[in-house]
Amino acid sequence: MLRSPRLWIGSGLILAVVSTLFALLYVGGNVNPKGNLRDLPVALVNSDKGLDANGKHMNLGEQVVSGIKKSAEGNKSFDWQVLSRQEADKKLGQGKLYGAVVVPQNFTAAVTGLTSPQQTQPARPTMTVLTNQSAGSFGSSMASQATQKAAHAASAQLGKQLLDRAAAQKAPLAPAAKLLLADPVSVQVADGHPLGTHSAMGLSAFYYALVLVVCGMLGANALTNQVDTALGYLHSDFGPFRLRQPLQHTSRVRTLAISSVLMLAFSLVMGSIVEAATVGILGMDASHLGLLWVYSVATIAVVGISALTLLSVFGVPGMLLSAIVFVAMAVPSSGATVPLEALPGFFRWLSEFEPLRQITGGMRSILYYDAQADAGLTRAWVSMGIALVVALLFGFGVTKLYDRKGLHRVPRPTEPADEAVPATAAA
């Protein structure tokens, strides 16, 4: 066997393809997130009421927002959205924003109070930078860096104006006062959508979704082997002992139907175990436990039936295809660890239909966003429904075609009535 070139070449090609695809796909999506960053959504919120002085209305919050917006022109890494506080809170609570800069209501009054002679103890103005780990800790971190940098730049610009105003008034300033006016705004960081301590810093939805996908994929492989063993197509080895059932000739369509029914039944078991283990034993933060159970069972069933289809249609190569579709292409395009806005264009395209992205979006909605339909849950259910229909049509359509053309897995024995009788025997 080891002298056979066919064995070496065939095995080498298969392993080379697997290594290449996993390296390019698994690492390729994450190797340069800052270089690929495009239109990461962050908000600019101006809650400043302004101040009337000398017959004019002044609103420094508008100046800050417009200044940040103008300085970001030409930089396509971030999508700065000017929103109200209510709109920003809603989008943060749906995972549609990675962060925000919030200018408070009394901002103008606090800034002008720094140079007012009537203010003996002026309060330092503040701006708040909101983060959103529920949308992804990596994306939230990049948004936090950008928003803090923008807030400090706005503070420096305001400081320059205040120093110019103090110089015009020829008011003597102590060194400490000059330092305060040079950087007058205090930038505070807060969580825009707080999560529980057992949420893996916003990654529990991804890990839970990945467990469901792996359960469906590996469950399909296990059931295929069990069904083939029960039908006598494969044997089972238990240590030195070998067990083989009598061969039962059956169609490919029936074989796929048997595996699919088993997959549906055992999805109930696996989905229950996954939820019991993660929520009951590990204490993962979760609400809507009933919906979470239904979603878990449905996810495992759809992934499992899709993997069974690949195995039934392509045979042994179907295992490789399952690994590529459900792992190699799915993980980097899920937008869970690295946001979609920081992925290369190819992976953004993959994310439109790759299952893990849709499943993770629905899981985030259930775990983090109170199961809001427009926070990813509707898209997940629709995607799973489409995937199930496509898998069933493709799987049963192709296996039925195989059966019609007589492409049976094991050649059927020739019936005695159909056997040709030799002439010598007839004589």
# chains A, B, ... in the order shown; residues from 1 in each chain; ligands from 1
>>> residues_around(residues="Gly216 of chain A", least_positions_apart="3", cutoff="6 Å", atoms="only C-alpha atoms", output="ChimeraX atom specification")
/A:213,219,300,303-304
>>> select_by_dssp(residues="segment 99-317 of chain A", states="strand (DSSP E)", output="list in words")
Gly99, Ala100, Val101, Val102, Val103, Thr126, Met127, Thr128, Val129, Leu130, Thr131, Ser186, Val187, Gln188, Val189, Ala190, Asp191, Ser236, Asp237, Phe238, Phe241, Arg242 and Leu243 of chain A
>>> closest_residue(among="A:Val42, A:Ile68, A:Ala220, A:Leu356", to="Lys96 of chain A", atoms="only C-alpha atoms")
A:Val42
>>> closest_atom_pairs(of="segment 168-246 of chain A", to="segment 320-340 of chain A", cutoff="9 Å", atoms="only C-alpha atoms", output="Markdown table")
| residue | atom | partner | partner_atom | distance |
| --- | --- | --- | --- | --- |
| A:Gly202 | CA | A:Ala336 | CA | 8.9 |
| A:Leu203 | CA | A:Ala336 | CA | 7.1 |
| A:Ala205 | CA | A:Ala336 | CA | 8.5 |
| A:Phe206 | CA | A:Ala336 | CA | 6.0 |
| A:Leu210 | CA | A:Val331 | CA | 8.2 |
| A:Val213 | CA | A:Phe326 | CA | 7.0 |
| A:Val214 | CA | A:Phe326 | CA | 7.9 |
| A:Met217 | CA | A:Ser322 | CA | 7.0 |
>>> atom_distance(atom1="atom CA of Met284 of chain A", atom2="atom CA of Ile366 of chain A")
12.8 Å
>>> closest_residue(among="A:Thr112, A:Ser306, A:Gln148, A:Thr378", to="Leu256 of chain A", atoms="only C-alpha atoms")
A:Ser306
>>> closest_residue(among="A:Leu24, A:Val398, A:Ala209, A:Met127", to="Arg364 of chain A", atoms="only C-alpha atoms")
A:Ala209
>>> residues_around(residues="Leu392 of chain A", least_positions_apart="4", cutoff="9 Å", atoms="only C-alpha atoms", output="MDAnalysis selection string")
chainID A and resid 305:306 309 387:388 396:397
>>> closest_residue(among="A:Lys76, A:Lys90, A:Arg404, A:Lys69", to="Ala342 of chain A", atoms="only C-alpha atoms")
A:Lys76
>>> residues_around(residues="Arg85 of chain A", least_positions_apart="5", cutoff="12 Å", atoms="only C-alpha atoms", output="MDAnalysis selection string")
chainID A and resid 43:48 90:92 100:105 128 130 192
>>> residues_around(residues="Arg124 of chain A", least_positions_apart="3", cutoff="12 Å", atoms="only C-alpha atoms", output="ChimeraX atom specification")
/A:106-115,119,121,127,155,159,177,180-181,183-188
>>> write_last_selection(atoms="N, CA, C and O atoms", output="JSON list (two decimals), in the first residue's frame")
[["chain", "number", "residue", "atom", "x", "y", "z"],
["A", 106, "ASN", "N", -26.44, 70.28, 29.73],
["A", 106, "ASN", "CA", -25.89, 71.54, 30.27],
["A", 106, "ASN", "C", -24.51, 71.85, 29.73],
["A", 106, "ASN", "O", -23.73, 72.56, 30.39],
["A", 107, "PHE", "N", -24.17, 71.33, 28.57],
["A", 107, "PHE", "CA", -22.80, 71.43, 28.09],
["A", 107, "PHE", "C", -22.40, 72.88, 27.84],
["A", 107, "PHE", "O", -21.34, 73.33, 28.29],
["A", 108, "THR", "N", -23.22, 73.64, 27.14],
["A", 108, "THR", "CA", -22.88, 75.04, 26.83],
["A", 108, "THR", "C", -22.74, 75.85, 28.11],
["A", 108, "THR", "O", -21.79, 76.64, 28.27],
["A", 109, "ALA", "N", -23.67, 75.66, 29.04],
["A", 109, "ALA", "CA", -23.62, 76.41, 30.29],
["A", 109, "ALA", "C", -22.35, 76.07, 31.08],
["A", 109, "ALA", "O", -21.71, 76.95, 31.67],
["A", 110, "ALA", "N", -21.97, 74.79, 31.09],
["A", 110, "ALA", "CA", -20.78, 74.39, 31.83],
["A", 110, "ALA", "C", -19.51, 74.94, 31.19],
["A", 110, "ALA", "O", -18.59, 75.38, 31.89],
["A", 111, "VAL", "N", -19.45, 74.97, 29.86],
["A", 111, "VAL", "CA", -18.25, 75.47, 29.17],
["A", 111, "VAL", "C", -18.10, 76.97, 29.38],
["A", 111, "VAL", "O", -17.02, 77.47, 29.71],
["A", 112, "THR", "N", -19.19, 77.69, 29.17],
["A", 112, "THR", "CA", -19.10, 79.15, 29.33],
["A", 112, "THR", "C", -18.84, 79.55, 30.77],
["A", 112, "THR", "O", -18.26, 80.60, 31.06],
["A", 113, "GLY", "N", -19.26, 78.69, 31.72],
["A", 113, "GLY", "CA", -19.03, 78.98, 33.13],
["A", 113, "GLY", "C", -17.56, 78.95, 33.51],
["A", 113, "GLY", "O", -17.17, 79.51, 34.54],
["A", 114, "LEU", "N", -16.73, 78.30, 32.69],
["A", 114, "LEU", "CA", -15.31, 78.23, 33.01],
["A", 114, "LEU", "C", -14.63, 79.60, 32.94],
["A", 114, "LEU", "O", -13.65, 79.85, 33.64],
["A", 115, "THR", "N", -15.14, 80.48, 32.07],
["A", 115, "THR", "CA", -14.52, 81.80, 31.91],
["A", 115, "THR", "C", -15.38, 82.92, 32.46],
["A", 115, "THR", "O", -15.06, 84.09, 32.29],
["A", 119, "GLN", "N", -18.62, 82.87, 38.22],
["A", 119, "GLN", "CA", -18.49, 81.50, 38.69],
["A", 119, "GLN", "C", -17.22, 81.37, 39.54],
["A", 119, "GLN", "O", -16.10, 81.46, 39.05],
["A", 121, "GLN", "N", -16.63, 78.60, 41.53],
["A", 121, "GLN", "CA", -16.24, 77.20, 41.44],
["A", 121, "GLN", "C", -16.95, 76.57, 40.24],
["A", 121, "GLN", "O", -17.95, 75.85, 40.40],
["A", 127, "MET", "N", -18.32, 65.03, 28.51],
["A", 127, "MET", "CA", -18.92, 64.31, 27.39],
["A", 127, "MET", "C", -18.80, 62.83, 27.70],
["A", 127, "MET", "O", -17.82, 62.40, 28.32],
["A", 155, "SER", "N", -12.54, 68.63, 22.68],
["A", 155, "SER", "CA", -12.19, 69.36, 23.90],
["A", 155, "SER", "C", -11.02, 70.31, 23.66],
["A", 155, "SER", "O", -11.02, 71.46, 24.12],
["A", 159, "GLY", "N", -10.98, 74.28, 24.02],
["A", 159, "GLY", "CA", -9.98, 74.90, 24.88],
["A", 159, "GLY", "C", -9.27, 76.05, 24.19],
["A", 159, "GLY", "O", -8.99, 77.09, 24.81],
["A", 177, "ALA", "N", -5.46, 77.32, 35.92],
["A", 177, "ALA", "CA", -6.63, 77.69, 35.12],
["A", 177, "ALA", "C", -6.33, 77.54, 33.63],
["A", 177, "ALA", "O", -7.18, 77.11, 32.85],
["A", 180, "LEU", "N", -6.59, 73.93, 32.74],
["A", 180, "LEU", "CA", -7.98, 73.51, 32.68],
["A", 180, "LEU", "C", -8.64, 73.98, 31.38],
["A", 180, "LEU", "O", -9.34, 73.22, 30.72],
["A", 181, "LEU", "N", -8.38, 75.22, 30.99],
["A", 181, "LEU", "CA", -8.99, 75.75, 29.78],
["A", 181, "LEU", "C", -8.41, 75.12, 28.52],
["A", 181, "LEU", "O", -9.09, 75.04, 27.49],
["A", 183, "ASP", "N", -7.73, 72.01, 28.09],
["A", 183, "ASP", "CA", -8.46, 70.75, 27.87],
["A", 183, "ASP", "C", -9.64, 70.75, 28.83],
["A", 183, "ASP", "O", -9.63, 70.08, 29.85],
["A", 184, "PRO", "N", -10.68, 71.50, 28.50],
["A", 184, "PRO", "CA", -11.73, 71.76, 29.49],
["A", 184, "PRO", "C", -12.71, 70.62, 29.72],
["A", 184, "PRO", "O", -13.37, 70.57, 30.75],
["A", 185, "VAL", "N", -12.85, 69.70, 28.77],
["A", 185, "VAL", "CA", -13.93, 68.71, 28.83],
["A", 185, "VAL", "C", -13.41, 67.39, 29.41],
["A", 185, "VAL", "O", -12.39, 66.87, 28.96],
["A", 186, "SER", "N", -14.14, 66.87, 30.36],
["A", 186, "SER", "CA", -13.85, 65.55, 30.92],
["A", 186, "SER", "C", -14.60, 64.50, 30.09],
["A", 186, "SER", "O", -15.82, 64.59, 29.92],
["A", 187, "VAL", "N", -13.87, 63.50, 29.59],
["A", 187, "VAL", "CA", -14.47, 62.45, 28.78],
["A", 187, "VAL", "C", -14.66, 61.22, 29.65],
["A", 187, "VAL", "O", -13.69, 60.65, 30.17],
["A", 188, "GLN", "N", -15.91, 60.82, 29.80],
["A", 188, "GLN", "CA", -16.25, 59.66, 30.61],
["A", 188, "GLN", "C", -16.71, 58.52, 29.72],
["A", 188, "GLN", "O", -17.41, 58.74, 28.72]]
>>> closest_residue(among="A:Thr147, A:Lys405, A:Val302, A:Ala371", to="Ala391 of chain A", atoms="only C-alpha atoms")
A:Val302
>>> closest_residue(among="A:Ser383, A:Gln81, A:Asn132, A:Ser251", to="Met201 of chain A", atoms="only C-alpha atoms")
A:Asn132
>>> atom_distance(atom1="atom CA of Val382 of chain A", atom2="atom CA of Asn221 of chain A")
25.5 Å
>>> residues_around(residues="Leu407 of chain A", least_positions_apart="4", cutoff="12 Å", atoms="only C-alpha atoms", output="list in words")
Thr250, Ser251, Arg252, Val253, Val313, Val398, Thr399, Lys400, Leu401, Tyr402, Asp403, Pro411 and Arg412 of chain A
>>> write_last_selection(atoms="C-alpha atoms", output="PDB file, in the first residue's frame")
ATOM      1  CA  THR A 250     -32.968   0.236   0.423  1.00  0.00           C
ATOM      2  CA  SER A 251     -33.130   3.349  -1.723  1.00  0.00           C
ATOM      3  CA  ARG A 252     -31.062   6.448  -1.174  1.00  0.00           C
ATOM      4  CA  VAL A 253     -34.248   8.456  -0.663  1.00  0.00           C
ATOM      5  CA  VAL A 313     -25.480  13.667  -2.322  1.00  0.00           C
ATOM      6  CA  VAL A 398     -30.712  14.355  -6.169  1.00  0.00           C
ATOM      7  CA  THR A 399     -31.050  11.071  -4.260  1.00  0.00           C
ATOM      8  CA  LYS A 400     -34.266  10.322  -6.145  1.00  0.00           C
ATOM      9  CA  LEU A 401     -32.390  10.949  -9.384  1.00  0.00           C
ATOM     10  CA  TYR A 402     -29.670   8.529  -8.258  1.00  0.00           C
ATOM     11  CA  ASP A 403     -32.309   5.890  -7.517  1.00  0.00           C
ATOM     12  CA  PRO A 411     -25.530  -3.394  -6.523  1.00  0.00           C
ATOM     13  CA  ARG A 412     -28.738  -5.316  -6.070  1.00  0.00           C
TER      14      ARG A 412
END
